[in-house]
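Participant: Got a structure for you, questions after.
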Amino acid sequence: MGILEVKNVGKRFGGLQALSEVNLSVAENSVHAIIGPNGAGKSTLLNCLVGKLIPDTGSVMFDGQSVLGRSPFEINQMGISRVFQTPEIFGDLTVMENMMIPIFASRDGSFRMHAVESVVSESEVVDYAEQMLEDMNMADKRHMHAAAMSRGDKRRLEIGMCLSQKPRLLLLDEPTAGMARADTNNTIDLLKQIKEDRDITIAIIEHDMHVVFSLAERITVLAQGTPLVEDAPENIKGNPKVREAYLGE
Ligand code: ADP
Ligand code: MG
């Protein structure tokens, strides 16, 4: 049993069957990549996992509990954190202020993240945010306006904001999209570091094969809304079915 178990998920948008019979098992503490051509249904699948979309059929279990019927907030509280395709940070605020937001939010009784319940006083919020910035190697940027940073650093901050909630499953939707090569490589190193340092499972949707093969222990290929193959990276590379799915891109 994986920490995330997706069974027979289907999702239709009007006349378009965006997902059909999707099965996916993500092993705890692994890095699992979901790849596939544009329009394959990758983001739709991710949205079904975090409560932004409700599948028409099937089940989604996280750590033995169903996520279906729960709000994105409730699913987040279960221990799933998601990084969006475009960075979602507050550009007018400093890096430090951004980092404090999810920690402050988790302190409030109405928005209590079980994992960071121990953070209570304001000075503890500041200490924890500073420690997170150090963990992210961003301590020197704490006073910078978030908007002034490179795409890679914005992404780094956003990943840090997610990690401050101590998720058990981190979901990333094309985290290196639109990045220069140097930023992409920094993001790869960051994710490797996170994997090494933390007790965490990572599921990553990615178009860039360099990123996929640098990180993934397991790969699911989605094509036209349904899994085509699931295998170890070395078996995906030369798979003719995978090549065919990407032809005509
Ligand atoms: P991917 O992330 O793999 O590129 P998506 O999951 O974004 O693919 O999209 C899969 C298919 O579903 C595409 O044909 C897309 O146009 C369609 N689609 C995605 N979201 C919606 C929506 N909210 N309404 C209608 N069609 C959608
Ligand atoms: Mg997408």
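Labeling convention for the structure tokens: chains A, B, ... as they appear, residues from 1 per chain, ligands from 1 in order of appearance.
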At a cut-off of 12 Å around ligand 1, and using only C-alpha atoms and all ligand atoms, what residues come up? Please write them as a PyMOL selection string.
Facilitator: chain A and resi 10-20+34-48+52-54+84-85+172-174+177+204-207+221-227+246+249
Participant: Mind writing the picked residues with C-alpha atoms as a compact mmCIF listing (two decimals), in the first residue's frame?
Facilitator:
```
# COMPACT_ATOMS: atom_id res chain seq x y z
CA GLY A 10 -12.27 9.36 -14.10
CA LYS A 11 -13.06 13.00 -14.82
CA ARG A 12 -15.08 14.46 -17.66
CA PHE A 13 -15.33 18.09 -18.77
CA GLY A 14 -18.43 18.28 -20.95
CA GLY A 15 -17.63 16.19 -24.01
CA LEU A 16 -14.00 15.65 -23.03
CA GLN A 17 -12.97 12.62 -20.99
CA ALA A 18 -9.93 14.25 -19.34
CA LEU A 19 -9.15 11.25 -17.10
CA SER A 20 -10.25 7.65 -17.34
CA ILE A 34 3.94 11.81 -13.46
CA ILE A 35 4.86 12.69 -17.00
CA GLY A 36 3.03 12.88 -20.31
CA PRO A 37 2.38 15.12 -23.30
CA ASN A 38 0.54 18.43 -23.01
CA GLY A 39 -3.15 17.91 -22.36
CA ALA A 40 -2.60 14.36 -21.05
CA GLY A 41 -4.52 15.20 -17.87
CA LYS A 42 -1.63 15.65 -15.42
CA SER A 43 -2.87 18.87 -13.82
CA THR A 44 -6.43 17.55 -13.77
CA LEU A 45 -5.22 14.51 -11.84
CA LEU A 46 -3.36 16.70 -9.37
CA ASN A 47 -6.45 18.85 -8.89
CA CYS A 48 -8.41 15.70 -8.06
CA LYS A 52 -9.86 21.41 -6.38
CA LEU A 53 -11.76 18.99 -8.62
CA ILE A 54 -13.99 16.09 -7.66
CA PHE A 84 1.36 25.40 -8.19
CA GLN A 85 2.55 25.79 -11.76
CA LEU A 172 4.60 19.81 -7.48
CA ASP A 173 3.08 20.77 -10.83
CA GLU A 174 5.88 21.50 -13.32
CA ALA A 177 8.37 25.50 -16.06
CA ILE A 204 6.12 15.66 -9.22
CA ILE A 205 4.44 16.47 -12.52
CA GLU A 206 7.13 17.41 -14.95
CA HIS A 207 7.59 18.01 -18.62
CA VAL A 221 3.33 8.06 -17.99
CA LEU A 222 -0.09 9.54 -18.62
CA ALA A 223 -1.40 9.78 -22.18
CA GLN A 224 -4.85 10.94 -23.19
CA GLY A 225 -6.07 10.79 -19.62
CA THR A 226 -4.98 7.28 -18.78
CA PRO A 227 -1.77 5.65 -17.49
CA TYR A 246 5.38 12.06 -27.17
CA GLU A 249 4.24 17.12 -29.67
```
Participant: Return as a PyMOL selection string the full set of residues in region 40-236 of chain A whose backbone-based DSSP assignment is alpha helix (DSSP H).
Facilitator: chain A and resi 42-49+72-78+95-107+122-135+151-163+181-197+209-215+233-236
Participant: Write to file, as a compact mmCIF listing (two decimals), in the first residue's frame, the residues of the selection just made, with C-alpha atoms.
Facilitator:
```txt
# COMPACT_ATOMS: atom_id res chain seq x y z
CA LYS A 42 -1.63 15.65 -15.42
CA SER A 43 -2.87 18.87 -13.82
CA THR A 44 -6.43 17.55 -13.77
CA LEU A 45 -5.22 14.51 -11.84
CA LEU A 46 -3.36 16.70 -9.37
CA ASN A 47 -6.45 18.85 -8.89
CA CYS A 48 -8.41 15.70 -8.06
CA LEU A 49 -5.86 14.84 -5.36
CA PRO A 72 -8.66 21.68 -0.26
CA PHE A 73 -8.10 23.09 3.24
CA GLU A 74 -9.02 19.82 4.94
CA ILE A 75 -6.81 17.86 2.55
CA ASN A 76 -3.96 20.25 3.28
CA GLN A 77 -4.47 19.58 6.98
CA MET A 78 -4.25 15.85 6.34
CA VAL A 95 11.01 37.00 1.74
CA MET A 96 10.83 36.75 5.54
CA GLU A 97 7.26 38.10 5.63
CA ASN A 98 6.21 35.56 3.01
CA MET A 99 7.75 32.74 5.01
CA MET A 100 5.90 33.85 8.14
CA ILE A 101 2.46 33.73 6.50
CA PRO A 102 1.83 29.96 6.50
CA ILE A 103 3.37 29.70 9.98
CA PHE A 104 1.14 32.47 11.39
CA ALA A 105 -1.85 30.95 9.67
CA SER A 106 -1.17 27.59 11.25
CA ARG A 107 -1.00 29.23 14.69
CA GLU A 122 5.14 35.50 17.93
CA SER A 123 8.83 35.15 18.64
CA GLU A 124 8.56 31.44 17.96
CA VAL A 125 6.96 32.21 14.58
CA VAL A 126 9.91 34.47 13.77
CA ASP A 127 12.43 31.87 14.93
CA TYR A 128 10.77 29.12 12.95
CA ALA A 129 10.53 31.29 9.80
CA GLU A 130 14.23 32.14 10.14
CA GLN A 131 15.12 28.51 10.54
CA MET A 132 13.06 27.63 7.44
CA LEU A 133 14.86 30.33 5.43
CA GLU A 134 18.18 28.86 6.54
CA ASP A 135 17.04 25.39 5.57
CA ARG A 151 12.08 32.59 -10.88
CA GLY A 152 14.19 29.89 -9.22
CA ASP A 153 14.37 31.75 -5.89
CA LYS A 154 10.63 32.47 -5.95
CA ARG A 155 10.06 28.77 -6.40
CA ARG A 156 12.52 28.01 -3.59
CA LEU A 157 10.61 30.35 -1.27
CA GLU A 158 7.30 28.81 -2.24
CA ILE A 159 8.59 25.30 -1.60
CA GLY A 160 9.87 26.49 1.78
CA MET A 161 6.45 27.95 2.61
CA CYS A 162 4.90 24.56 1.83
CA LEU A 163 7.51 22.70 3.87
CA ARG A 181 18.73 26.08 -16.96
CA ALA A 182 20.70 27.30 -13.92
CA ASP A 183 17.50 27.80 -11.90
CA THR A 184 16.24 24.40 -13.04
CA ASN A 185 19.42 22.74 -11.79
CA ASN A 186 19.17 24.60 -8.47
CA THR A 187 15.59 23.38 -8.09
CA ILE A 188 16.69 19.81 -8.76
CA ASP A 189 19.39 20.12 -6.08
CA LEU A 190 16.90 21.65 -3.64
CA LEU A 191 14.41 18.81 -4.11
CA LYS A 192 17.21 16.23 -3.68
CA GLN A 193 18.23 17.97 -0.46
CA ILE A 194 14.66 18.03 0.84
CA LYS A 195 14.31 14.33 0.10
CA GLU A 196 17.51 13.60 1.98
CA ASP A 197 16.76 15.79 5.01
CA MET A 209 12.97 14.99 -18.89
CA HIS A 210 16.24 16.20 -17.39
CA VAL A 211 14.37 17.00 -14.16
CA VAL A 212 12.41 13.74 -14.25
CA PHE A 213 15.44 11.51 -14.69
CA SER A 214 17.45 13.45 -12.10
CA LEU A 215 14.87 12.92 -9.37
CA PRO A 233 13.23 5.44 -14.88
CA GLU A 234 15.71 3.14 -16.65
CA ASN A 235 12.82 1.21 -18.19
CA ILE A 236 10.91 4.33 -19.23
```
Participant: Would you mind telling me which residue in A:Val50, A:Ser59, A:Leu93, A:Ser66 lies nearest to Lys7 (chain A) when using only C-alpha atoms?
Facilitator: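 Checking each candidate against Lys7 (chain A), we get A:Ser59 as the closest.
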Participant: Name the residues in contact with Gly2 (chain A) at a cut-off of 7 Å, using only C-alpha atoms, excluding same-chain residues fewer than 2 positions from it; report them as a VMD selection string.
Facilitator: chain A and resid 4 to 5 25 to 28
Participant: So that I can see what lies close to Met144 (chain A), please list as a list of chain:residue names the residues with an atom at most 8 Å from it, counting only C-alpha atoms and leaving out residues fewer than 4 positions away in the same chain.
Facilitator: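 So the residues in contact are A:Thr94, A:Val95, A:Ala148, A:Met149.
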Participant: Those residues with N, CA and C atoms, as a PDB file, in the first residue's frame please?
Facilitator:
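File produced: out_12.pdb:
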```
ATOM      1  N   THR A  94       8.372  41.072   1.899  1.00  0.00           N
ATOM      2  CA  THR A  94       9.742  40.555   1.893  1.00  0.00           C
ATOM      3  C   THR A  94       9.710  39.027   1.941  1.00  0.00           C
ATOM      4  N   VAL A  95      10.870  38.460   1.700  1.00  0.00           N
ATOM      5  CA  VAL A  95      11.014  37.002   1.743  1.00  0.00           C
ATOM      6  C   VAL A  95      10.623  36.475   3.131  1.00  0.00           C
ATOM      7  N   ALA A 148      11.386  40.749  -6.468  1.00  0.00           N
ATOM      8  CA  ALA A 148      12.678  41.075  -7.085  1.00  0.00           C
ATOM      9  C   ALA A 148      13.546  39.841  -7.315  1.00  0.00           C
ATOM     10  N   MET A 149      13.106  38.693  -6.824  1.00  0.00           N
ATOM     11  CA  MET A 149      13.939  37.491  -6.945  1.00  0.00           C
ATOM     12  C   MET A 149      13.771  36.814  -8.300  1.00  0.00           C
TER      13      MET A 149
END
```
Participant: Could you pull out the strand (DSSP E or B) residues of region 23-117 of chain A, going by DSSP on the backbone, and write them as a PyMOL selection string?
Facilitator: chain A and resi 23-26+31-35+57-62+65-66+80-83+94
Participant: Can you tell me which residues surround Asn8 (chain A) at a distance of at most 8 Å, considering only C-alpha atoms, apart from same-chain residues fewer than 4 positions away, and format the answer as a list in words?
Facilitator: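 These residues fall inside the cut-off: Ser20, Glu21, Val22, Asn23, Thr57, Gly58 and Ser59 of chain A.
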Participant: Please produce an output containing N, CA and C atoms for each residue in the selection, written as a PDB file, in the first residue's frame.
Facilitator:
```pdb
ATOM      1  N   SER A  20      -9.454   8.866 -17.434  1.00  0.00           N
ATOM      2  CA  SER A  20     -10.254   7.654 -17.337  1.00  0.00           C
ATOM      3  C   SER A  20      -9.424   6.495 -16.803  1.00  0.00           C
ATOM      4  N   GLU A  21     -10.016   5.779 -15.887  1.00  0.00           N
ATOM      5  CA  GLU A  21      -9.391   4.608 -15.271  1.00  0.00           C
ATOM      6  C   GLU A  21      -7.951   4.868 -14.832  1.00  0.00           C
ATOM      7  N   VAL A  22      -7.762   5.939 -14.099  1.00  0.00           N
ATOM      8  CA  VAL A  22      -6.418   6.255 -13.603  1.00  0.00           C
ATOM      9  C   VAL A  22      -6.155   5.512 -12.293  1.00  0.00           C
ATOM     10  N   ASN A  23      -5.104   4.695 -12.322  1.00  0.00           N
ATOM     11  CA  ASN A  23      -4.620   4.006 -11.133  1.00  0.00           C
ATOM     12  C   ASN A  23      -3.200   4.471 -10.881  1.00  0.00           C
ATOM     13  N   THR A  57     -15.556   9.339 -11.022  1.00  0.00           N
ATOM     14  CA  THR A  57     -15.502   7.950 -10.568  1.00  0.00           C
ATOM     15  C   THR A  57     -14.212   7.719  -9.790  1.00  0.00           C
ATOM     16  N   GLY A  58     -14.178   6.629  -9.066  1.00  0.00           N
ATOM     17  CA  GLY A  58     -12.940   6.179  -8.442  1.00  0.00           C
ATOM     18  C   GLY A  58     -12.718   6.685  -7.030  1.00  0.00           C
ATOM     19  N   SER A  59     -11.551   6.353  -6.492  1.00  0.00           N
ATOM     20  CA  SER A  59     -11.227   6.729  -5.122  1.00  0.00           C
ATOM     21  C   SER A  59      -9.807   7.273  -5.037  1.00  0.00           C
TER      22      SER A  59
END
```
Participant: Can you work out which one of A:Pro175, A:Leu68, A:Met138, A:Gly91 has the shortest atom-to-atom distance to ligand 2, counting only C-alpha atoms and all ligand atoms?
Facilitator: A:Pro175
Participant: Give me, please, the distance in Å between CA of Asp199 (chain A) and CA of Gly79 (chain A), quoted to one decimal.
Facilitator: 12.0 Å
